[in-house]
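S.K.: Supplied structure: structure-v5.txt, compact mmCIF, C-alpha atoms.
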```
# COMPACT_ATOMS: atom_id res chain seq x y z
CA MET A 158 9.30 2.73 -4.80
CA ALA A 159 6.52 2.36 -7.33
CA GLN A 160 6.53 -1.04 -8.96
CA PHE A 161 5.03 -2.57 -12.05
CA PRO A 162 4.68 -6.27 -11.22
CA LEU A 163 1.84 -8.45 -12.39
CA ILE A 164 -1.31 -7.99 -10.37
CA PRO A 165 -2.14 -11.18 -8.41
CA THR A 166 -4.88 -13.15 -10.15
CA THR A 167 -6.98 -13.12 -6.96
CA ASP A 168 -7.18 -9.33 -7.23
CA LEU A 169 -7.84 -9.19 -10.99
CA ALA A 170 -11.55 -9.92 -10.64
CA ASP A 171 -11.99 -7.16 -8.06
CA LEU A 172 -9.94 -4.68 -10.08
CA GLY A 173 -11.79 -5.57 -13.29
CA ALA A 174 -15.12 -5.04 -11.56
CA ASP A 175 -13.85 -1.71 -10.19
CA VAL A 176 -12.80 -0.55 -13.67
CA ARG A 177 -16.14 -1.57 -15.21
CA GLN A 178 -18.05 0.21 -12.45
CA MET A 179 -16.03 3.42 -12.87
CA LEU A 180 -16.47 3.35 -16.67
CA ASP A 181 -20.22 2.87 -16.21
CA GLU A 182 -20.29 5.90 -13.87
CA ILE A 183 -18.45 8.00 -16.46
CA THR A 184 -20.84 6.88 -19.20
CA ALA A 185 -23.79 7.92 -17.02
CA ASP A 186 -22.20 11.29 -16.12
CA LEU A 187 -21.11 12.38 -19.60
CA GLY A 188 -23.48 13.71 -22.21
CA THR A 189 -23.46 12.15 -25.66
CA GLY A 190 -21.45 15.08 -27.09
CA SER A 191 -18.47 14.47 -24.81
CA ARG A 192 -18.15 10.70 -25.22
CA ALA A 193 -15.63 8.64 -27.13
CA TYR A 194 -17.64 5.76 -28.51
CA THR A 195 -14.67 3.87 -29.89
CA GLY A 196 -10.98 3.75 -29.36
CA GLU A 197 -8.64 3.17 -26.53
CA CYS A 198 -5.90 5.43 -25.29
CA ARG A 199 -3.00 5.12 -22.89
CA PRO A 200 -2.16 8.51 -21.41
CA PRO A 201 1.47 8.83 -20.34
CA ALA A 202 2.23 8.89 -16.62
CA ASP A 203 5.12 9.86 -14.36
CA ILE A 204 5.55 8.35 -10.91
CA VAL A 205 7.77 10.12 -8.39
CA GLU A 206 8.58 8.79 -4.95
CA ALA A 207 9.56 11.00 -2.02
CA ASP A 208 10.16 10.03 1.59
CA ASP A 209 6.68 11.08 2.68
CA HIS A 210 4.52 10.52 -0.43
CA ILE A 211 4.15 9.16 -3.94
CA GLU A 212 3.12 11.56 -6.69
CA VAL A 213 1.56 10.31 -9.94
CA THR A 214 1.08 12.71 -12.86
CA VAL A 215 -0.94 11.70 -15.91
CA ASP A 216 -1.32 13.76 -19.10
CA LEU A 217 -5.04 14.20 -19.81
CA PRO A 218 -5.38 17.23 -22.11
CA GLY A 219 -8.98 17.96 -23.01
CA VAL A 220 -10.40 15.53 -20.45
CA PRO A 221 -12.90 17.08 -18.00
CA PRO A 222 -12.89 16.02 -14.32
CA ALA A 223 -16.29 14.32 -14.82
CA ALA A 224 -14.60 11.87 -17.22
CA VAL A 225 -11.97 10.66 -14.73
CA ARG A 226 -12.14 8.35 -11.71
CA VAL A 227 -9.30 7.52 -9.29
CA ALA A 228 -9.43 4.69 -6.75
CA PHE A 229 -7.08 2.62 -4.61
CA ARG A 230 -7.46 -1.05 -3.71
CA ALA A 231 -4.96 -3.56 -2.30
CA GLY A 232 -1.81 -1.66 -3.28
CA VAL A 233 -3.08 -0.73 -6.76
CA LEU A 234 -3.86 2.84 -7.83
CA LEU A 235 -6.58 2.81 -10.52
CA ILE A 236 -6.95 5.70 -12.95
CA VAL A 237 -9.95 5.25 -15.25
CA GLY A 238 -11.45 7.65 -17.75
CA GLU A 239 -12.55 8.55 -21.20
CA LYS A 240 -11.07 11.08 -23.62
CA ALA A 241 -13.49 12.28 -26.29
CA PRO A 242 -12.27 13.50 -29.69
CA SER A 243 -12.52 17.20 -30.52
CA GLN A 244 -15.97 18.14 -31.75
CA THR A 245 -16.13 19.51 -35.27
CA THR A 246 -19.20 20.56 -37.20
CA GLU A 247 -17.56 20.53 -40.62
CA THR A 248 -16.40 17.61 -42.70
CA HIS A 249 -12.61 17.50 -42.75
CA ALA A 250 -10.04 15.50 -44.63
CA TYR A 251 -7.49 14.55 -41.99
CA HIS A 252 -3.88 14.24 -43.13
CA LEU A 253 -2.47 13.02 -39.82
CA VAL A 254 -4.15 11.77 -36.65
CA GLU A 255 -1.77 10.91 -33.80
CA ARG A 256 -3.71 11.90 -30.73
CA GLU A 257 -5.44 9.04 -28.96
CA PHE A 258 -9.07 9.09 -27.91
CA GLY A 259 -11.24 6.58 -26.10
CA ARG A 260 -11.48 4.87 -22.77
CA PHE A 261 -8.45 4.25 -20.62
CA ALA A 262 -7.59 2.40 -17.44
CA ARG A 263 -4.18 2.53 -15.77
CA ALA A 264 -3.36 0.22 -12.85
CA ILE A 265 -0.23 1.26 -10.96
CA THR A 266 1.03 -1.02 -8.20
CA VAL A 267 2.67 0.85 -5.33
CA SER A 268 4.20 -0.52 -2.17
CA GLY A 269 3.91 0.86 1.32
CA ALA A 270 1.23 2.07 3.69
CA PHE A 271 -0.65 5.21 2.65
CA ASP A 272 -2.95 7.69 4.38
CA LEU A 273 -5.79 7.31 1.89
CA GLN A 274 -7.99 9.77 3.78
CA ALA A 275 -5.41 12.47 2.96
CA ALA A 276 -4.87 11.36 -0.67
CA ARG A 277 -5.65 14.00 -3.29
CA ALA A 278 -6.30 14.02 -7.05
CA THR A 279 -6.35 17.31 -8.97
CA LEU A 280 -6.94 17.87 -12.69
CA ARG A 281 -5.44 21.18 -13.77
CA HIS A 282 -4.38 22.37 -17.24
CA GLY A 283 -4.58 18.86 -18.68
CA GLU A 284 -2.51 17.20 -15.94
CA LEU A 285 -3.96 14.85 -13.38
CA SER A 286 -1.86 14.99 -10.22
CA ILE A 287 -2.41 12.32 -7.56
CA THR A 288 -0.67 12.47 -4.19
CA LEU A 289 -0.60 9.44 -1.89
CA PRO A 290 0.85 10.48 1.50
CA ARG A 291 2.76 7.72 3.24
CA LEU A 292 1.96 6.59 6.75
CA ALA A 293 4.90 6.68 9.12
CA GLU A 294 6.71 3.34 8.99
CA ARG A 295 6.56 1.61 12.34
CA ARG A 296 8.06 -1.75 11.48
CA GLY A 297 11.74 -2.13 12.25
CA ARG A 298 11.78 0.65 14.84
CA LEU A 299 13.21 -0.03 18.27
CA TYR A 300 10.59 0.14 20.98
CA ARG A 301 11.81 -0.04 24.56
CA ILE A 302 9.67 -2.04 26.95
CA PRO A 303 10.34 -1.19 30.56
CA VAL A 304 11.09 -4.05 32.94
CA GLU A 305 9.22 -3.72 36.19
CA PRO A 306 9.47 -5.85 39.30
CA ASP A 307 6.71 -8.35 39.87
CA SER A 308 4.50 -6.82 42.54
CA THR A 309 3.21 -10.24 43.67
CA SER A 310 6.61 -11.75 44.53
CA GLU A 311 8.82 -10.92 47.49
CA SER A 312 12.42 -9.92 46.92
```
Please express the file's structure as structure tokens.
M.R.:
Amino acid sequence: MAQFPLIPTTDLADLGADVRQMLDEITADLGTGSRAYTGECRPPADIVEADDHIEVTVDLPGVPPAAVRVAFRAGVLLIVGEKAPSQTTETHAYHLVEREFGRFARAITVSGAFDLQAARATLRHGELSITLPRLAERRGRLYRIPVEPDSTSES
């Protein structure tokens, strides 16, 4: 089951460095017209657990794939990106602004062993879908070990 405990302090430095590195990559990849220079947003996410995988879905309308990075380290799924505001050429008087823009970083702690080589992240129609396939659990299974006679002793 996906969990939301505190991240151990020993891992915070590594995760912080990972987030900074991914944000720097996004800054380098995006042109000035598709950047959010200020602001911070927290896109909503759903986490669904099945027997053979964990599926994470994050709402990212208007965010291009170049503005998103996904990584996994020490049981933590990192989703980092930047959502730029809509570009307008005219001066407008806004009456209501509820949509969030800016950089975001989500750290989701998940438990279990995953096949990270088979993990997939897809951004389609404003939804980022991440699938983490589970590795088959081997702990707790009964393994039979055959008992053979000692070939060096006489019966």
S.K.: From the set A:Val225, A:Ile183, A:Cys198, A:Ile211, which residue has the shortest atom-to-atom contact distance to Gly259 (chain A), counting all atoms listed in the file?
M.R.: A:Cys198
S.K.: Counting all atoms listed in the file, what is within 8 Å of Asp216 (chain A), bar same-chain residues fewer than 2 positions away, as a list in words?
M.R.: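 Near neighbours after the sequence-gap exclusion: Pro200, Pro201, Ala202, Thr214, Pro218, Gly283, Glu284 and Leu285 of chain A.
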S.K.: Can you work out which one of A:Arg298, A:Arg260, A:Arg177, A:Lys240 has the shortest atom-to-atom distance to Leu217 (chain A), counting only C-alpha atoms?
M.R.: A:Lys240
S.K.: Could you state the separation of CA of Leu273 (chain A) and CA of Tyr300 (chain A) in Å, given to one decimal place?
M.R.: 26.2 Å
S.K.: Tell me which of A:Leu292, A:Leu253, A:Ile287, A:Ile302 sits closest to Val213 (chain A), counting only C-alpha atoms.
M.R.: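 Result for the nearest residue to Val213 (chain A): A:Ile287.
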S.K.: What's the separation between CA of Pro290 (chain A) and CA of Arg263 (chain A), in Å to one decimal place?
M.R.: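 That distance, rounded to one decimal, is 19.7 Å.
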S.K.: Do a neighbour search on Leu234 (chain A) at 9 Å with all atoms listed in the file, toss out local chain neighbours closer than 4 positions, and write the hits as a list in words.
M.R.: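 Contacts, with the query itself left out: Val227, Ala228, Phe229, Arg230, Arg263, Ala264, Ile265, Thr266 and Val267 of chain A.
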S.K.: So how far away is CA of Leu289 (chain A) from CA of Phe258 (chain A), in Å?
M.R.: 27.4 Å
S.K.: Using only C-alpha atoms, pick whichever of A:Gly269, A:Ser308, A:Val233, A:Val215 has the shortest atom-to-atom distance to Asp203 (chain A).
M.R.: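 For Asp203 (chain A), the nearest of the given residues is A:Val215.
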S.K.: Write out as JSON, numbers by chain the residues lying within 9 Å of Glu182 (chain A), counting all atoms listed in the file and excluding same-chain residues fewer than 5 positions away.
M.R.: {"A": [177, 187, 224, 226]}
S.K.: Excluding Thr288 (chain A) and its own-chain neighbours fewer than 2 positions away, which residues fall within 6 Å of it when counting only C-alpha atoms? Please give them as a count of residues only.
M.R.: 4
S.K.: From the list A:Gly238, A:Thr184, A:Pro222, A:Asp272, which residue is nearest Arg291 (chain A) when using only C-alpha atoms?
M.R.: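 Closest to Arg291 (chain A), using only C-alpha atoms: A:Asp272.
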S.K.: How big is the axis-aligned box around the listed atoms of region 238-257 of chain A once 4 Å is added on each side, and where is its centre? Give both in Å to one decimal, as lines of an AutoDock Vina configuration file.
M.R.:
```
center_x = -10.5
center_y = 14.1
center_z = -31.2
size_x = 25.4
size_y = 20.9
size_z = 34.9
```
